[in-house]
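Okay, work_21.tsv is below, TSV, C-alpha atoms:
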```
chain	number	residue	atom	x	y	z
A	1	ILE	CA	125.17	116.29	93.60
A	2	ASN	CA	128.48	115.39	95.24
A	3	VAL	CA	128.44	118.79	96.94
A	4	PHE	CA	125.01	118.05	98.41
A	5	ILE	CA	126.45	114.87	99.93
A	6	THR	CA	129.50	116.53	101.45
A	7	ALA	CA	127.60	119.60	102.67
A	8	SER	CA	125.12	117.36	104.48
A	9	LEU	CA	127.94	115.95	106.62
A	10	ASP	CA	127.77	119.10	108.77
A	11	ILE	CA	124.35	118.07	110.06
A	12	GLY	CA	125.82	114.91	111.56
A	13	ARG	CA	128.37	117.11	113.35
A	14	GLY	CA	125.64	119.21	114.98
A	15	PHE	CA	125.62	122.15	112.57
A	16	LEU	CA	122.79	123.59	110.48
A	17	PRO	CA	123.15	124.03	106.72
A	18	TYR	CA	125.05	127.26	105.88
A	19	GLU	CA	126.55	127.45	109.38
A	20	ASN	CA	129.95	126.22	108.19
A	21	HIS	CA	129.50	125.91	104.43
A	22	PHE	CA	127.53	127.73	101.74
A	23	GLU	CA	125.62	126.01	98.95
A	24	ASN	CA	122.90	127.78	96.98
A	25	LYS	CA	120.13	125.30	97.78
A	26	PRO	CA	117.44	125.44	100.48
A	27	PRO	CA	118.20	123.64	103.75
A	28	LEU	CA	115.79	120.71	103.54
A	29	LEU	CA	117.79	119.21	100.67
A	30	PHE	CA	120.79	118.75	102.95
A	31	PHE	CA	118.69	117.10	105.65
A	32	ILE	CA	117.39	114.70	103.00
A	33	TYR	CA	120.92	113.87	101.86
A	34	PHE	CA	122.04	113.45	105.47
A	35	LEU	CA	119.29	110.87	106.03
A	36	ILE	CA	120.14	109.06	102.80
A	37	SER	CA	123.86	109.07	103.60
A	38	THR	CA	123.15	107.69	107.06
A	39	PHE	CA	120.92	104.97	105.65
A	40	SER	CA	123.46	104.03	102.97
A	41	ASN	CA	126.12	103.64	105.68
A	42	GLY	CA	128.86	105.33	103.70
A	43	SER	CA	128.18	103.54	100.42
A	44	LEU	CA	127.98	106.01	97.55
A	45	LEU	CA	126.53	103.30	95.34
A	46	ILE	CA	123.57	102.65	97.66
A	47	LEU	CA	123.04	106.40	97.91
A	48	LYS	CA	122.80	106.68	94.13
A	49	VAL	CA	120.40	103.71	93.97
A	50	ILE	CA	118.14	105.54	96.45
A	51	ASN	CA	118.27	108.59	94.19
A	52	ASP	CA	117.14	106.37	91.32
A	53	LEU	CA	114.23	105.11	93.43
A	54	VAL	CA	113.08	108.71	93.90
A	55	LEU	CA	112.75	108.96	90.12
A	56	TRP	CA	110.46	105.92	90.12
A	57	PHE	CA	108.45	107.33	93.02
A	58	CYS	CA	107.89	110.45	90.90
A	59	ALA	CA	106.62	108.28	88.05
A	60	ILE	CA	104.25	106.45	90.44
A	61	VAL	CA	102.89	109.77	91.74
A	62	LEU	CA	102.35	110.95	88.17
A	63	TYR	CA	100.50	107.71	87.39
A	64	LEU	CA	98.23	108.26	90.41
A	65	ILE	CA	97.57	111.84	89.30
A	66	PHE	CA	96.44	110.60	85.89
A	67	LYS	CA	94.29	107.98	87.59
A	68	GLU	CA	92.69	110.47	89.99
A	69	LYS	CA	91.80	112.74	87.11
A	70	ASN	CA	89.91	109.78	85.61
A	71	TYR	CA	91.86	109.74	82.39
A	72	ASP	CA	90.93	106.65	80.44
A	73	GLY	CA	92.84	104.51	77.99
A	74	PRO	CA	96.61	104.52	77.56
A	75	THR	CA	97.08	108.03	78.99
A	76	THR	CA	97.19	106.66	82.55
A	77	ILE	CA	100.27	104.55	81.93
A	78	PHE	CA	101.92	106.36	79.02
A	79	GLY	CA	102.12	109.66	80.93
A	80	PRO	CA	104.55	108.28	83.56
A	81	ILE	CA	106.39	106.24	80.92
A	82	PHE	CA	107.01	109.36	78.87
A	83	PHE	CA	108.33	111.11	81.98
A	84	ILE	CA	110.82	108.27	82.49
A	85	ILE	CA	111.84	108.53	78.84
A	86	LEU	CA	112.48	112.26	79.19
A	87	MET	CA	114.49	111.66	82.37
A	88	SER	CA	116.73	109.15	80.57
A	89	SER	CA	118.78	112.04	79.21
A	90	THR	CA	122.39	111.87	80.37
A	91	ASP	CA	122.06	115.39	81.83
A	92	PHE	CA	119.02	114.51	83.95
A	93	HIS	CA	120.89	112.71	86.73
A	94	SER	CA	118.75	111.37	89.54
A	95	GLY	CA	119.73	113.17	92.72
A	96	TYR	CA	119.28	116.73	91.55
A	97	SER	CA	117.31	118.95	93.92
A	98	GLU	CA	114.68	119.42	91.21
A	99	LEU	CA	113.77	115.73	91.36
A	100	TYR	CA	113.20	115.69	95.13
A	101	SER	CA	111.26	118.93	94.83
A	102	VAL	CA	109.14	117.48	92.01
A	103	LEU	CA	108.29	114.46	94.17
A	104	MET	CA	106.84	116.72	96.87
A	105	LEU	CA	105.12	118.93	94.29
A	106	GLY	CA	103.58	115.82	92.78
A	107	ILE	CA	102.36	114.54	96.16
A	108	SER	CA	100.82	117.95	96.85
A	109	TYR	CA	99.06	117.94	93.48
A	110	LEU	CA	97.89	114.36	93.98
A	111	ILE	CA	96.31	115.31	97.32
A	112	LEU	CA	94.53	118.23	95.62
A	113	CYS	CA	93.21	115.87	92.95
A	114	ARG	CA	92.00	113.24	95.43
A	115	PHE	CA	90.58	115.19	98.38
A	116	THR	CA	88.58	118.38	98.86
A	117	GLN	CA	88.44	118.85	102.65
A	118	ASN	CA	90.11	121.87	104.28
A	119	SER	CA	92.41	119.59	106.26
A	120	THR	CA	93.72	117.99	103.07
A	121	TYR	CA	94.32	121.42	101.52
A	122	LEU	CA	96.45	122.11	104.58
A	123	ILE	CA	98.44	118.89	104.06
A	124	ALA	CA	98.84	119.63	100.34
A	125	GLY	CA	100.16	123.06	101.30
A	126	ILE	CA	102.70	121.52	103.67
A	127	PHE	CA	104.07	119.31	100.89
A	128	PHE	CA	104.19	122.33	98.58
A	129	GLY	CA	106.11	124.27	101.23
A	130	LEU	CA	108.52	121.36	101.66
A	131	SER	CA	109.16	121.33	97.91
A	132	THR	CA	110.23	124.99	98.03
A	133	LEU	CA	112.63	124.15	100.87
A	134	VAL	CA	114.31	121.67	98.53
A	135	ASN	CA	114.37	123.89	95.44
A	136	LEU	CA	113.15	127.49	95.49
A	137	GLY	CA	112.14	127.35	91.83
A	138	SER	CA	109.11	125.26	92.75
A	139	ALA	CA	107.60	128.36	94.44
A	140	LEU	CA	106.65	129.59	90.96
A	141	TYR	CA	104.05	126.80	90.81
A	142	LEU	CA	102.03	128.54	93.52
A	143	LEU	CA	99.91	130.45	90.99
A	144	GLY	CA	98.99	127.31	89.05
A	145	TYR	CA	98.13	125.43	92.24
A	146	LEU	CA	95.97	128.26	93.57
A	147	VAL	CA	94.15	128.48	90.24
A	148	TYR	CA	93.54	124.74	90.40
A	149	ILE	CA	92.23	124.90	93.99
A	150	TYR	CA	89.84	127.73	93.22
A	151	THR	CA	88.71	126.08	89.98
A	152	ILE	CA	87.83	122.86	91.81
A	153	SER	CA	86.53	124.15	95.13
A	154	LYS	CA	85.23	127.66	94.34
A	155	ASN	CA	86.04	128.34	97.99
A	156	ARG	CA	88.48	130.98	99.21
A	157	ASN	CA	88.89	129.13	102.50
A	158	SER	CA	90.53	126.30	100.59
A	159	ILE	CA	93.18	128.71	99.31
A	160	PHE	CA	93.65	130.04	102.86
A	161	TYR	CA	94.28	126.55	104.27
A	162	PHE	CA	96.71	125.75	101.44
A	163	ILE	CA	98.74	128.92	102.04
A	164	ILE	CA	98.83	128.23	105.79
A	165	GLY	CA	100.14	124.76	104.99
A	166	CYS	CA	102.84	126.25	102.73
A	167	SER	CA	103.93	128.53	105.57
A	168	VAL	CA	104.33	125.81	108.22
A	169	PRO	CA	107.65	124.33	106.93
A	170	HIS	CA	109.11	127.79	106.36
A	171	PHE	CA	108.22	129.07	109.83
A	172	THR	CA	109.71	125.88	111.27
A	173	PHE	CA	113.09	126.55	109.65
A	174	ILE	CA	112.92	130.26	110.49
A	175	LEU	CA	112.50	129.38	114.17
A	176	LEU	CA	115.26	126.79	113.94
A	177	TYR	CA	117.74	129.36	112.65
A	178	PHE	CA	116.43	132.08	114.96
A	179	PHE	CA	117.16	130.05	118.08
A	180	LYS	CA	120.70	129.43	116.84
A	181	ASP	CA	121.14	133.16	116.15
A	182	LEU	CA	121.57	132.48	112.43
A	183	LEU	CA	118.36	134.03	111.12
A	184	GLU	CA	120.08	136.83	109.19
A	185	LEU	CA	122.36	134.33	107.49
A	186	TYR	CA	119.39	132.11	106.63
A	187	LEU	CA	117.35	134.97	105.13
A	188	ASN	CA	120.31	136.25	103.13
A	189	ILE	CA	120.90	132.84	101.58
A	190	MET	CA	117.21	132.07	101.01
A	191	ILE	CA	116.25	135.49	99.59
A	192	LEU	CA	119.30	137.45	98.43
A	193	ALA	CA	121.47	134.60	97.12
A	194	PRO	CA	118.91	133.32	94.56
A	195	LEU	CA	118.52	136.86	93.20
A	196	LYS	CA	122.29	137.13	92.79
A	197	TYR	CA	122.65	133.67	91.28
A	198	SER	CA	119.72	133.65	88.86
A	199	GLY	CA	119.83	135.26	85.46
A	200	GLY	CA	122.37	135.16	82.66
A	201	ASP	CA	122.82	135.53	78.93
A	202	LEU	CA	120.59	132.59	78.10
A	203	ASP	CA	119.32	132.45	74.51
A	204	PHE	CA	116.11	130.71	75.52
A	205	PHE	CA	114.89	129.42	72.17
A	206	HIS	CA	118.38	128.55	70.96
A	207	GLU	CA	119.07	126.43	74.04
A	208	LEU	CA	115.73	124.65	73.73
A	209	GLY	CA	116.52	124.00	70.08
A	210	VAL	CA	119.90	122.51	71.04
A	211	ILE	CA	118.19	120.20	73.55
A	212	LEU	CA	115.59	119.09	70.99
A	213	VAL	CA	118.34	118.33	68.44
A	214	LYS	CA	120.12	116.26	71.08
A	215	VAL	CA	116.89	114.37	71.82
A	216	SER	CA	116.31	113.71	68.11
A	217	LYS	CA	119.79	112.17	67.84
A	218	ASP	CA	119.10	109.85	70.79
A	219	SER	CA	115.59	108.85	69.65
A	220	VAL	CA	113.68	110.31	66.76
A	221	PHE	CA	110.41	108.92	68.14
A	222	THR	CA	110.91	110.74	71.44
A	223	PHE	CA	111.50	113.90	69.43
A	224	ILE	CA	108.31	113.30	67.43
A	225	SER	CA	106.36	112.69	70.65
A	226	ILE	CA	107.59	115.97	72.13
A	227	ILE	CA	106.68	117.95	69.01
A	228	PHE	CA	103.33	116.15	68.91
A	229	LEU	CA	102.53	117.17	72.50
A	230	ILE	CA	103.72	120.75	72.00
A	231	THR	CA	101.39	121.02	69.02
A	232	ILE	CA	98.50	119.72	71.14
A	233	TYR	CA	99.39	122.21	73.89
A	234	VAL	CA	99.39	125.20	71.49
A	235	TYR	CA	96.15	123.97	69.93
A	236	SER	CA	94.59	123.67	73.41
A	237	LEU	CA	95.64	127.22	74.28
A	238	ASN	CA	94.09	128.49	71.04
A	239	LYS	CA	90.85	126.60	71.57
A	240	ASN	CA	90.67	127.86	75.13
A	241	LYS	CA	91.14	131.44	73.94
A	242	LEU	CA	88.25	131.06	71.51
A	243	ASN	CA	86.04	129.57	74.25
A	244	GLN	CA	85.53	126.48	72.13
A	245	ASN	CA	87.48	124.10	74.33
A	246	LYS	CA	85.60	121.01	75.46
A	247	MET	CA	88.30	119.88	77.85
A	248	LYS	CA	87.52	119.25	81.48
A	249	ILE	CA	87.55	122.45	83.49
A	250	SER	CA	90.25	120.97	85.75
A	251	ASN	CA	92.60	120.98	82.74
A	252	TYR	CA	92.74	124.77	82.53
A	253	PRO	CA	95.13	125.14	85.50
A	254	ASP	CA	97.24	122.35	83.99
A	255	LEU	CA	98.01	124.67	81.09
A	256	VAL	CA	99.47	127.16	83.58
A	257	ILE	CA	101.34	124.48	85.54
A	258	ILE	CA	102.95	123.02	82.41
A	259	MET	CA	104.12	126.43	81.23
A	260	THR	CA	105.61	127.18	84.67
A	261	GLY	CA	108.32	124.58	84.07
A	262	LEU	CA	109.60	126.55	81.07
A	263	ILE	CA	109.39	129.81	83.03
A	264	ILE	CA	111.65	128.30	85.71
A	265	TYR	CA	114.16	127.28	83.03
A	266	PHE	CA	114.07	130.78	81.55
A	267	LEU	CA	114.44	132.61	84.88
A	268	ASN	CA	117.39	130.47	85.95
A	269	GLY	CA	119.16	131.86	82.92
A	270	LYS	CA	121.94	129.25	82.97
A	271	GLY	CA	120.82	126.82	80.27
A	272	TYR	CA	121.43	123.76	82.44
A	273	GLU	CA	119.25	120.89	81.25
A	274	HIS	CA	118.39	119.69	84.75
A	275	HIS	CA	116.46	122.94	85.25
A	276	LEU	CA	113.91	121.37	82.89
A	277	ILE	CA	113.11	118.52	85.29
A	278	PHE	CA	110.08	120.43	86.59
A	279	PHE	CA	108.85	120.76	83.03
A	280	ALA	CA	109.55	117.09	82.27
A	281	PHE	CA	107.31	116.00	85.16
A	282	PHE	CA	104.23	118.02	84.26
A	283	PHE	CA	104.70	118.00	80.47
A	284	PRO	CA	103.03	114.55	80.04
A	285	LEU	CA	99.79	116.06	81.41
A	286	ILE	CA	99.26	117.34	77.87
A	287	ILE	CA	98.41	113.75	76.94
A	288	SER	CA	95.19	114.16	78.92
A	289	PHE	CA	94.11	117.00	76.61
A	290	ILE	CA	93.73	114.60	73.68
A	291	GLN	CA	90.07	113.97	72.91
A	292	ASN	CA	90.42	112.00	69.70
A	293	LYS	CA	91.02	108.23	70.20
A	294	LYS	CA	92.98	107.89	66.95
A	295	THR	CA	95.28	110.73	67.98
A	296	SER	CA	95.73	109.14	71.40
A	297	LEU	CA	96.54	105.78	69.81
A	298	LEU	CA	99.08	107.37	67.44
A	299	LEU	CA	100.85	109.12	70.31
A	300	SER	CA	100.85	105.90	72.34
A	301	ILE	CA	102.61	104.12	69.47
A	302	PHE	CA	105.28	106.86	69.33
A	303	ILE	CA	105.86	106.67	73.10
A	304	PHE	CA	105.92	102.86	73.01
A	305	ILE	CA	108.62	102.87	70.31
A	306	SER	CA	110.50	105.62	72.18
A	307	LEU	CA	110.51	103.42	75.27
A	308	PHE	CA	112.15	100.51	73.48
A	309	SER	CA	114.55	102.86	71.73
A	310	THR	CA	115.59	104.30	75.11
A	311	ILE	CA	115.97	100.84	76.64
A	312	SER	CA	118.18	99.73	73.75
A	313	ILE	CA	120.47	102.73	74.32
A	314	HIS	CA	120.94	102.22	78.06
A	315	ALA	CA	120.31	98.49	78.57
A	316	THR	CA	123.85	97.24	77.97
A	317	GLN	CA	125.50	99.63	80.42
A	318	SER	CA	122.75	99.08	83.00
A	319	ILE	CA	123.12	95.30	82.87
A	320	THR	CA	126.90	95.64	83.16
A	321	ASN	CA	126.51	97.88	86.22
A	322	ILE	CA	124.14	95.42	87.88
A	323	ARG	CA	126.51	92.51	87.29
A	324	ASN	CA	129.45	94.48	88.69
A	325	PHE	CA	127.47	96.07	91.50
A	326	GLU	CA	129.97	95.23	94.26
A	327	ASN	CA	133.03	96.28	92.29
A	328	LEU	CA	131.71	99.61	91.02
A	329	GLU	CA	132.36	101.60	94.16
A	330	GLN	CA	135.53	99.75	95.14
A	331	ASN	CA	137.08	100.74	91.81
A	332	TYR	CA	135.80	104.31	91.94
A	333	PRO	CA	138.95	106.47	91.39
A	334	ILE	CA	138.28	108.99	94.17
A	335	LYS	CA	137.64	106.25	96.70
A	336	LYS	CA	140.81	104.41	95.70
A	337	ILE	CA	142.86	107.59	96.08
A	338	SER	CA	141.18	108.30	99.42
A	339	LYS	CA	142.39	104.96	100.71
A	340	GLU	CA	145.92	105.94	99.80
A	341	LEU	CA	145.81	109.08	101.89
A	342	ASN	CA	147.23	108.46	105.33
A	343	ILE	CA	145.19	110.56	107.74
A	344	LYS	CA	145.30	108.29	110.75
A	345	SER	CA	147.79	110.55	112.49
A	346	TYR	CA	145.28	113.42	112.56
A	347	GLU	CA	142.52	113.59	115.14
A	348	SER	CA	140.26	115.73	112.95
A	349	PRO	CA	141.51	115.87	109.34
A	350	SER	CA	140.58	118.91	107.29
A	351	PHE	CA	141.17	119.79	103.64
A	352	PHE	CA	140.90	122.75	101.30
A	353	ILE	CA	139.25	121.28	98.20
A	354	LEU	CA	138.08	123.11	95.09
A	355	ASP	CA	137.15	120.02	93.09
A	356	ASN	CA	136.41	116.32	93.61
A	357	THR	CA	134.62	117.10	96.87
A	358	LEU	CA	133.81	113.41	97.41
A	359	PHE	CA	137.20	113.13	99.10
A	360	ILE	CA	135.52	114.78	102.08
A	361	TYR	CA	132.79	112.15	102.03
A	362	TYR	CA	135.07	109.13	101.82
A	363	LEU	CA	137.50	110.47	104.42
A	364	ASP	CA	134.77	111.78	106.74
A	365	ALA	CA	136.89	114.90	106.90
A	366	VAL	CA	136.17	118.63	107.23
A	367	SER	CA	136.51	121.03	104.32
A	368	VAL	CA	137.83	124.41	105.42
A	369	GLU	CA	136.43	126.49	102.55
A	370	TYR	CA	133.03	128.12	103.17
A	371	ILE	CA	131.70	127.93	99.61
A	372	SER	CA	131.12	124.25	98.88
A	373	HIS	CA	130.54	124.30	95.12
A	374	PRO	CA	133.61	125.50	93.19
A	375	ALA	CA	131.47	127.00	90.41
A	376	LEU	CA	129.87	129.44	92.87
A	377	LEU	CA	133.22	131.15	93.33
A	378	TYR	CA	132.76	132.64	89.87
A	379	GLU	CA	129.24	133.95	90.44
A	380	ASP	CA	129.24	137.75	90.56
A	381	GLY	CA	127.53	139.15	93.61
A	382	LEU	CA	127.45	136.05	95.81
A	383	MET	CA	130.58	137.14	97.61
A	384	ASP	CA	128.86	140.38	98.63
A	385	ILE	CA	126.10	138.67	100.61
```

For this file, produce the structure as C-alpha cells.
Amino acid sequence: INVFITASLDIGRGFLPYENHFENKPPLLFFIYFLISTFSNGSLLILKVINDLVLWFCAIVLYLIFKEKNYDGPTTIFGPIFFIILMSSTDFHSGYSELYSVLMLGISYLILCRFTQNSTYLIAGIFFGLSTLVNLGSALYLLGYLVYIYTISKNRNSIFYFIIGCSVPHFTFILLYFFKDLLELYLNIMILAPLKYSGGDLDFFHELGVILVKVSKDSVFTFISIIFLITIYVYSLNKNKLNQNKMKISNYPDLVIIMTGLIIYFLNGKGYEHHLIFFAFFFPLIISFIQNKKTSLLLSIFIFISLFSTISIHATQSITNIRNFENLEQNYPIKKISKELNIKSYESPSFFILDNTLFIYYLDAVSVEYISHPALLYEDGLMDI
C-alpha cells in the first residue's frame, strides 16, 4: 500500500504511471491514490481513514444489492455485516487494490440489479471496466456478469452495451498512453507483466485450510458461519445439478460469481490473503440461497455472535487509536526519521530506496529506482519485459 502512495506522486509531477516507476498494478489505482493523497494534504493518517471509508462504502453497496434482490428478513443486513467481519482479518488491510476494485464491481452489479435499460447496461459496463483498471483480477468476473445479464434480460443487445461500456475506460487509457508515445510500455505492463507475475507453487487447499484455522482461532463463530455457508453453497450446486432447485433464477449467476473469487486466489498462485478480498465481498450472497427460516435464523445468530466477538478483539486498540488520533502520525517512526534528514540544501532530493518507501512520501522526494516494490525484484521474468 505504501508503494501505491509513493508511486502516485509521479502523477503530481506530470508523469503517467509506469513512465518513471514500475508497479504491477493497473494505472487507475495510482490516480485514485493521487487524489486521496492530495485530499489528505500530506497526512498519512487521513489517507488511511479514507481507505477505511472505502471498506464501509463496499458494505453499503452490498446491502443495497441484497435489498434490490428483494431478500427478506435478516439477510439484507447480515450479508454486509458478515463481509465486515471477514475483512476484520489483520491481513485484509483497507487500501489494497482489491478493495477499490470490489467497490466498482459492486456498483456495477448493483446497477445491473436495479435497472434494465440499455443505457444502464452501458454505465454498469463502464464501472466494470474501471474495476479492471484498478485490479486486473476483476476481469475474471466478466463471465459471471454476462451470465447474469443474459439471465435477466434475455437480450443480446444488453450484453453488447455492457461490453462497450467495459471498453470505454480501457480505450481512454490506451489513447492517453498513445499520445505520450508510451503505448508499448503500457501494453507490456498490462498484458505481459501479469502473466509473468502470476502463478507459483501454491498448495491451494492447504493455504485455505491455514486461513480457516487462523479464523477459528480469532472467532470460532465466524469459522462456523463460513463452514455453514460453504455447506449451503455445495448443497445449492447439487440441487441445481439435479434440476430440483427452487431458488430464484437470478441466483444461478451468483453461484458463478462467488466461485470466481476463489479462482482469482488460485490463479494468483501466491497465497496472499488479500487476494481473497474479491471472494469475501461476494461470499455473503450465499445467505440469500437459504430458503428455510429456521436455518436463516440460526445463521443470523452465528453472525451476530461473530460480530460481537470481532468487536471485542479490536475495540480496545481502535478506541486507543481514536483517542490518540493527533499523536499517531507524529510519532510514526518513518516520519520522525524523515524530519531528521536534512535535505534543504538540495533543490530536488532523490533517493535509492529498497524498503520503507514512505520516506519518499514524507520528504516529497524522487526515488531513482524504476521498480517501486522491492519484492518485484525477485520475480522471475519481470526484468525481461

- prompt: Between atom CA of A:Leu86 and atom CA of A:Tyr252, what is the distance, to one decimal in Å?
  reply: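 Atom CA of A:Leu86 sits 23.6 Å away from atom CA of A:Tyr252.
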
- request: Please indicate the distance in Å from atom CA of A:Phe302 to atom CA of A:Ala59, rounded to one decimal place.
  value: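 According to the coordinates, atom CA of A:Phe302 and atom CA of A:Ala59 are separated by 18.8 Å.
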
task: Could you tell me which of A:Leu140, A:Leu276, A:Val134, A:Leu146 comes closest to A:Pro169 if we count all atoms listed in the file?
output: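 Checking each of A:Leu140, A:Leu276, A:Val134, A:Leu146 against A:Pro169, counting all atoms listed in the file, the winner is A:Val134.
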
What are the closest atom pairs, with distances in Å to one decimal, for each residue of stretch 58-160 of chain A lying within 10 Å of stretch 262-268 of chain A, using only C-alpha atoms, rows by chain and rising residue number, as CSV?
```
residue,atom,partner,partner_atom,distance
A:Leu136,CA,A:Ile264,CA,9.9
A:Gly137,CA,A:Ile264,CA,6.2
A:Ser138,CA,A:Ile264,CA,8.1
A:Ala139,CA,A:Ile264,CA,9.6
A:Leu140,CA,A:Ile264,CA,7.4
A:Tyr141,CA,A:Ile264,CA,9.3
```

- line: Counting all atoms listed in the file, closest pick from A:Ile36, A:Phe127, A:Tyr148, A:Ile286 relative to A:Leu53 is A:Ile36

field: Residues near A:Leu47, cut-off 12 Å, all atoms listed in the file, skip fewer than 5 positions along chain, as a list in words
entry: Ile1, Asn2, Phe4, Ile5, Ile32, Tyr33, Phe34, Leu35, Ile36, Ser37, Thr38, Phe39, Ser40, Asn41, Gly42, Asp52, Leu53, Val54, Ser94, Gly95 and Glu329 of chain A

task: Have a look at atom CA of A:Gly261 and atom CA of A:Lys196 and let me know their distance in Å, one decimal.
output: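 Going from atom CA of A:Gly261 over to atom CA of A:Lys196, I get 20.7 Å.
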
Show me, as a PDB file with C-alpha atoms, in the coordinates of the input, the residues that have an atom within 10 Å of A:Ile149 when counting only C-alpha atoms, minus same-chain residues fewer than 3 positions from it.
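Result saved to selection24.pdb:
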```
ATOM      1  CA  TYR A 109      99.060 117.940  93.480  1.00  0.00           C
ATOM      2  CA  LEU A 112      94.530 118.230  95.620  1.00  0.00           C
ATOM      3  CA  CYS A 113      93.210 115.870  92.950  1.00  0.00           C
ATOM      4  CA  THR A 116      88.580 118.380  98.860  1.00  0.00           C
ATOM      5  CA  TYR A 121      94.320 121.420 101.520  1.00  0.00           C
ATOM      6  CA  LEU A 143      99.910 130.450  90.990  1.00  0.00           C
ATOM      7  CA  GLY A 144      98.990 127.310  89.050  1.00  0.00           C
ATOM      8  CA  TYR A 145      98.130 125.430  92.240  1.00  0.00           C
ATOM      9  CA  LEU A 146      95.970 128.260  93.570  1.00  0.00           C
ATOM     10  CA  ILE A 152      87.830 122.860  91.810  1.00  0.00           C
ATOM     11  CA  SER A 153      86.530 124.150  95.130  1.00  0.00           C
ATOM     12  CA  LYS A 154      85.230 127.660  94.340  1.00  0.00           C
ATOM     13  CA  ASN A 155      86.040 128.340  97.990  1.00  0.00           C
ATOM     14  CA  ARG A 156      88.480 130.980  99.210  1.00  0.00           C
ATOM     15  CA  SER A 158      90.530 126.300 100.590  1.00  0.00           C
ATOM     16  CA  ILE A 159      93.180 128.710  99.310  1.00  0.00           C
ATOM     17  CA  PHE A 162      96.710 125.750 101.440  1.00  0.00           C
ATOM     18  CA  SER A 250      90.250 120.970  85.750  1.00  0.00           C
ATOM     19  CA  PRO A 253      95.130 125.140  85.500  1.00  0.00           C
TER      20      PRO A 253
END
```
